[in-house]
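Here's final.pdb, which has PDB, C-alpha atoms:
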```
MODEL        1
ATOM      1  CA  MET A 728      -2.671   7.599 -20.284
ATOM      2  CA  PRO A 729      -2.426   4.424 -18.101
ATOM      3  CA  ILE A 730       1.256   4.062 -19.008
ATOM      4  CA  LEU A 731       1.893   7.651 -17.929
ATOM      5  CA  LEU A 732       0.062   7.107 -14.636
ATOM      6  CA  TYR A 733       2.004   3.906 -13.987
ATOM      7  CA  TRP A 734       5.288   5.702 -14.677
ATOM      8  CA  TYR A 735       4.223   8.572 -12.439
ATOM      9  CA  SER A 736       3.299   6.284  -9.541
ATOM     10  CA  GLU A 737       6.524   4.262  -9.903
ATOM     11  CA  ARG A 738       8.521   7.498  -9.875
ATOM     12  CA  LEU A 739       6.723   8.680  -6.725
ATOM     13  CA  ILE A 740       7.411   5.366  -4.995
ATOM     14  CA  LEU A 741      11.096   5.648  -5.866
ATOM     15  CA  THR A 742      11.166   9.289  -4.685
ATOM     16  CA  ARG A 743       9.593   8.358  -1.332
ATOM     17  CA  LEU A 744      12.062   5.498  -0.932
ATOM     18  CA  PHE A 745      14.959   7.839  -1.721
ATOM     19  CA  ILE A 746      13.756  10.231   0.984
ATOM     20  CA  LEU A 747      13.579   7.296   3.398
ATOM     21  CA  GLY A 748      17.070   6.216   2.349
ATOM     22  CA  VAL A 749      16.032   2.832   0.918
ATOM     23  CA  THR A 750      15.831   1.269  -2.517
ATOM     24  CA  MET A 751      13.064  -0.942  -3.837
ATOM     25  CA  ASP A 752      15.434  -3.922  -3.651
ATOM     26  CA  GLU A 753      16.014  -3.275   0.061
ATOM     27  CA  LEU A 754      12.341  -3.422   0.991
ATOM     28  CA  PRO A 755      11.460  -6.585   2.885
ATOM     29  CA  VAL A 756       9.305  -9.164   1.114
ATOM     30  CA  TYR A 757       6.108 -10.301   2.836
ATOM     31  CA  THR A 758       3.803 -13.168   1.974
ATOM     32  CA  LYS A 759       0.033 -12.771   1.639
ATOM     33  CA  SER A 760      -0.282 -14.549   5.007
ATOM     34  CA  GLN A 761       1.999 -12.020   6.684
ATOM     35  CA  LEU A 762       0.093  -9.162   5.061
ATOM     36  CA  ALA A 763      -3.213 -10.653   6.227
ATOM     37  CA  LEU A 764      -2.091 -10.368   9.867
ATOM     38  CA  ARG A 765      -1.659  -6.598   9.500
ATOM     39  CA  ASN A 766      -5.390  -6.015   9.280
ATOM     40  CA  GLY A 767      -5.726  -3.662  12.266
ATOM     41  CA  GLN A 768      -7.289  -6.382  14.400
ATOM     42  CA  ASP A 769      -4.832  -9.281  14.672
ATOM     43  CA  LYS A 770      -1.907  -6.860  14.975
ATOM     44  CA  PRO A 771      -1.920  -3.091  15.480
ATOM     45  CA  GLU A 772      -0.454  -2.407  12.035
ATOM     46  CA  VAL A 773      -2.805  -1.636   9.161
ATOM     47  CA  TRP A 774      -1.229  -2.587   5.836
ATOM     48  CA  ILE A 775      -2.550  -2.869   2.316
ATOM     49  CA  ALA A 776      -0.894  -3.867  -0.943
ATOM     50  CA  TYR A 777      -1.232  -2.288  -4.370
ATOM     51  CA  LYS A 778       0.604  -3.454  -7.497
ATOM     52  CA  GLY A 779       3.005  -5.569  -5.447
ATOM     53  CA  VAL A 780       3.979  -2.799  -3.011
ATOM     54  CA  ILE A 781       2.847  -2.866   0.637
ATOM     55  CA  TYR A 782       1.856   0.398   2.303
ATOM     56  CA  ASP A 783       1.374   1.178   5.978
ATOM     57  CA  VAL A 784      -1.958   3.024   6.246
ATOM     58  CA  SER A 785      -2.084   2.887  10.060
ATOM     59  CA  ARG A 786      -1.981   6.669  10.421
ATOM     60  CA  SER A 787      -4.977   7.208   8.158
ATOM     61  CA  ARG A 788      -8.232   7.953   9.960
ATOM     62  CA  LEU A 789     -10.000   6.367   6.986
ATOM     63  CA  TRP A 790      -8.425   2.985   7.780
ATOM     64  CA  HIS A 791      -9.222   3.089  11.503
ATOM     65  CA  SER A 792      -9.633  -0.469  12.832
ATOM     66  CA  GLY A 793      -8.623  -1.928   9.468
ATOM     67  CA  LYS A 794     -11.706  -1.108   7.416
ATOM     68  CA  HIS A 795     -12.163   1.550   4.750
ATOM     69  CA  TYR A 796     -15.755   1.562   3.530
ATOM     70  CA  GLU A 797     -16.221  -1.990   2.194
ATOM     71  CA  HIS A 798     -12.488  -2.703   1.918
ATOM     72  CA  TRP A 799     -10.528  -4.588   4.551
ATOM     73  CA  ALA A 800      -6.851  -4.111   5.353
ATOM     74  CA  GLY A 801      -4.377  -6.950   5.229
ATOM     75  CA  GLN A 802      -4.914  -7.726   1.569
ATOM     76  CA  ASP A 803      -3.963  -6.798  -1.967
ATOM     77  CA  LEU A 804      -6.396  -4.134  -3.193
ATOM     78  CA  THR A 805      -5.052  -3.837  -6.749
ATOM     79  CA  ALA A 806      -8.173  -5.331  -8.338
ATOM     80  CA  GLU A 807     -10.480  -3.183  -6.193
ATOM     81  CA  LEU A 808      -9.066   0.240  -7.066
ATOM     82  CA  PRO A 809     -11.097   0.702 -10.270
ATOM     83  CA  ASP A 810     -14.254   0.764  -8.099
ATOM     84  CA  ALA A 811     -12.837   3.444  -5.767
ATOM     85  CA  PRO A 812     -13.762   7.127  -6.071
ATOM     86  CA  HIS A 813     -10.042   7.997  -6.209
ATOM     87  CA  ASP A 814      -7.084   6.971  -8.335
ATOM     88  CA  GLU A 815      -3.734   5.456  -7.362
ATOM     89  CA  TRP A 816      -2.454   8.908  -6.346
ATOM     90  CA  VAL A 817      -3.938   8.121  -2.924
ATOM     91  CA  PHE A 818      -0.905   5.912  -2.234
ATOM     92  CA  ASP A 819       1.364   8.969  -2.493
ATOM     93  CA  ASN A 820       0.310   9.754   1.085
ATOM     94  CA  PHE A 821       1.768   6.553   2.505
ATOM     95  CA  ASP A 822       5.252   5.117   2.786
ATOM     96  CA  PRO A 823       5.985   1.890   0.937
ATOM     97  CA  ILE A 824       7.227  -0.554   3.564
ATOM     98  CA  GLY A 825       7.548  -3.829   1.711
ATOM     99  CA  LYS A 826       6.939  -5.925  -1.354
ATOM    100  CA  LEU A 827       4.330  -8.615  -1.745
ATOM    101  CA  ALA A 828       5.746 -12.049  -2.546
TER
ENDMDL
END
```
Could you write out this structure as structure tokens?
Amino acid sequence: MPILLYWYSERLILTRLFILGVTMDELPVYTKSQLALRNGQDKPEVWIAYKGVIYDVSRSRLWHSGKHYEHWAGQDLTAELPDAPHDEWVFDNFDPIGKLA
């Protein structure tokens, strides 16, 4: 099942990028330091990373001011998802905007 979910999420990322007119190779690459600045406090953007892909969650009311329950924006949340009450499908609601270096 995990392989199927991974394939499904990769396919959705590629579909969203196709709609946006970009390929995965064309996404800009950001360092962890650059991601950390997009925490909703240092800069107005609220970004998070999951499995090497950076998502802009600024429009989500659940990430208002850069915090979502005990999770903070501006970081890679891949290791924290197993503790969440949702699965990786939640990222289908957000546009991938970059790759994590």
Point to revise | Residues within 6 Å of region 781-797 of chain A, all atoms listed in the file, excluding chain neighbours under 4 positions, as a list in words | key: Asn766, Gly767, Glu772, Val773, Trp774, Ile775, Ala776, Asp822, Pro823, Ile824, Gly825 and Lys826 of chain A
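Interatomic distance, CA of Ala763 (chain A) against CA of Ala800 (chain A): 7.5 Å.
Distance annotation: of A:Val817, A:Ala811, A:Val780, A:Ala806, the residue with the minimal separation from Leu744 (chain A) is A:Val780; atom set is all atoms listed in the file.
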Check your understanding: Using all atoms listed in the file, which residue out of A:Asp769, A:Asp814, A:Tyr757, A:Leu764 lies closest to Ala828 (chain A)?
Key -> A:Tyr757
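Relative to CA of Thr750 (chain A), CA of Gly779 (chain A) is found at 14.8 Å.
Coordinates place CA of Lys770 (chain A) at a distance of 15.5 Å from CA of Thr758 (chain A).
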Exercise for review: Could you tell me which of A:Pro771, A:Arg743, A:Glu815, A:Gly801 comes closest to Lys759 (chain A) if we count all atoms listed in the file?
Suggested key: A:Gly801
Just add N, CA and C atoms to region 748-770 of chain A and send it as a PDB file, in the frame of the given file.
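The resulting file, part_14.pdb, is reproduced below:
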```
ATOM      1  N   GLY A 748      15.728   6.783   2.382  1.00  0.00           N
ATOM      2  CA  GLY A 748      17.070   6.216   2.349  1.00  0.00           C
ATOM      3  C   GLY A 748      17.101   4.732   2.029  1.00  0.00           C
ATOM      4  N   VAL A 749      16.113   4.249   1.283  1.00  0.00           N
ATOM      5  CA  VAL A 749      16.032   2.832   0.918  1.00  0.00           C
ATOM      6  C   VAL A 749      15.805   2.711  -0.587  1.00  0.00           C
ATOM      7  N   THR A 750      16.150   1.551  -1.118  1.00  0.00           N
ATOM      8  CA  THR A 750      15.831   1.269  -2.517  1.00  0.00           C
ATOM      9  C   THR A 750      14.741   0.216  -2.549  1.00  0.00           C
ATOM     10  N   MET A 751      14.129   0.050  -3.689  1.00  0.00           N
ATOM     11  CA  MET A 751      13.064  -0.942  -3.837  1.00  0.00           C
ATOM     12  C   MET A 751      13.590  -2.347  -3.533  1.00  0.00           C
ATOM     13  N   ASP A 752      14.839  -2.602  -3.908  1.00  0.00           N
ATOM     14  CA  ASP A 752      15.434  -3.922  -3.651  1.00  0.00           C
ATOM     15  C   ASP A 752      15.645  -4.182  -2.164  1.00  0.00           C
ATOM     16  N   GLU A 753      15.774  -3.120  -1.379  1.00  0.00           N
ATOM     17  CA  GLU A 753      16.014  -3.275   0.061  1.00  0.00           C
ATOM     18  C   GLU A 753      14.741  -3.449   0.874  1.00  0.00           C
ATOM     19  N   LEU A 754      13.596  -3.231   0.256  1.00  0.00           N
ATOM     20  CA  LEU A 754      12.341  -3.422   0.991  1.00  0.00           C
ATOM     21  C   LEU A 754      12.169  -4.896   1.328  1.00  0.00           C
ATOM     22  N   PRO A 755      11.700  -5.192   2.535  1.00  0.00           N
ATOM     23  CA  PRO A 755      11.460  -6.585   2.885  1.00  0.00           C
ATOM     24  C   PRO A 755      10.308  -7.166   2.066  1.00  0.00           C
ATOM     25  N   VAL A 756      10.355  -8.475   1.862  1.00  0.00           N
ATOM     26  CA  VAL A 756       9.305  -9.164   1.114  1.00  0.00           C
ATOM     27  C   VAL A 756       8.403  -9.868   2.121  1.00  0.00           C
ATOM     28  N   TYR A 757       7.097  -9.683   1.956  1.00  0.00           N
ATOM     29  CA  TYR A 757       6.108 -10.301   2.836  1.00  0.00           C
ATOM     30  C   TYR A 757       5.190 -11.193   2.021  1.00  0.00           C
ATOM     31  N   THR A 758       4.756 -12.276   2.625  1.00  0.00           N
ATOM     32  CA  THR A 758       3.803 -13.168   1.974  1.00  0.00           C
ATOM     33  C   THR A 758       2.383 -12.617   2.177  1.00  0.00           C
ATOM     34  N   LYS A 759       1.436 -13.172   1.456  1.00  0.00           N
ATOM     35  CA  LYS A 759       0.033 -12.771   1.639  1.00  0.00           C
ATOM     36  C   LYS A 759      -0.440 -13.102   3.055  1.00  0.00           C
ATOM     37  N   SER A 760       0.083 -14.179   3.631  1.00  0.00           N
ATOM     38  CA  SER A 760      -0.282 -14.549   5.007  1.00  0.00           C
ATOM     39  C   SER A 760       0.221 -13.525   6.005  1.00  0.00           C
ATOM     40  N   GLN A 761       1.456 -13.043   5.797  1.00  0.00           N
ATOM     41  CA  GLN A 761       1.999 -12.020   6.684  1.00  0.00           C
ATOM     42  C   GLN A 761       1.238 -10.710   6.531  1.00  0.00           C
ATOM     43  N   LEU A 762       0.882 -10.363   5.305  1.00  0.00           N
ATOM     44  CA  LEU A 762       0.093  -9.162   5.061  1.00  0.00           C
ATOM     45  C   LEU A 762      -1.267  -9.273   5.736  1.00  0.00           C
ATOM     46  N   ALA A 763      -1.876 -10.444   5.655  1.00  0.00           N
ATOM     47  CA  ALA A 763      -3.213 -10.653   6.227  1.00  0.00           C
ATOM     48  C   ALA A 763      -3.247 -10.395   7.732  1.00  0.00           C
ATOM     49  N   LEU A 764      -2.135 -10.616   8.418  1.00  0.00           N
ATOM     50  CA  LEU A 764      -2.091 -10.368   9.867  1.00  0.00           C
ATOM     51  C   LEU A 764      -2.096  -8.882  10.207  1.00  0.00           C
ATOM     52  N   ARG A 765      -1.710  -8.053   9.258  1.00  0.00           N
ATOM     53  CA  ARG A 765      -1.659  -6.598   9.500  1.00  0.00           C
ATOM     54  C   ARG A 765      -2.983  -5.971   9.067  1.00  0.00           C
ATOM     55  N   ASN A 766      -4.052  -6.451   9.663  1.00  0.00           N
ATOM     56  CA  ASN A 766      -5.390  -6.015   9.280  1.00  0.00           C
ATOM     57  C   ASN A 766      -6.016  -5.045  10.285  1.00  0.00           C
ATOM     58  N   GLY A 767      -5.216  -4.589  11.263  1.00  0.00           N
ATOM     59  CA  GLY A 767      -5.726  -3.662  12.266  1.00  0.00           C
ATOM     60  C   GLY A 767      -6.461  -4.342  13.402  1.00  0.00           C
ATOM     61  N   GLN A 768      -6.603  -5.649  13.341  1.00  0.00           N
ATOM     62  CA  GLN A 768      -7.289  -6.382  14.400  1.00  0.00           C
ATOM     63  C   GLN A 768      -6.401  -7.460  15.006  1.00  0.00           C
ATOM     64  N   ASP A 769      -5.734  -8.255  14.165  1.00  0.00           N
ATOM     65  CA  ASP A 769      -4.832  -9.281  14.672  1.00  0.00           C
ATOM     66  C   ASP A 769      -3.535  -8.674  15.195  1.00  0.00           C
ATOM     67  N   LYS A 770      -3.094  -7.618  14.566  1.00  0.00           N
ATOM     68  CA  LYS A 770      -1.907  -6.860  14.975  1.00  0.00           C
ATOM     69  C   LYS A 770      -2.269  -5.394  14.845  1.00  0.00           C
TER      70      LYS A 770
END
```
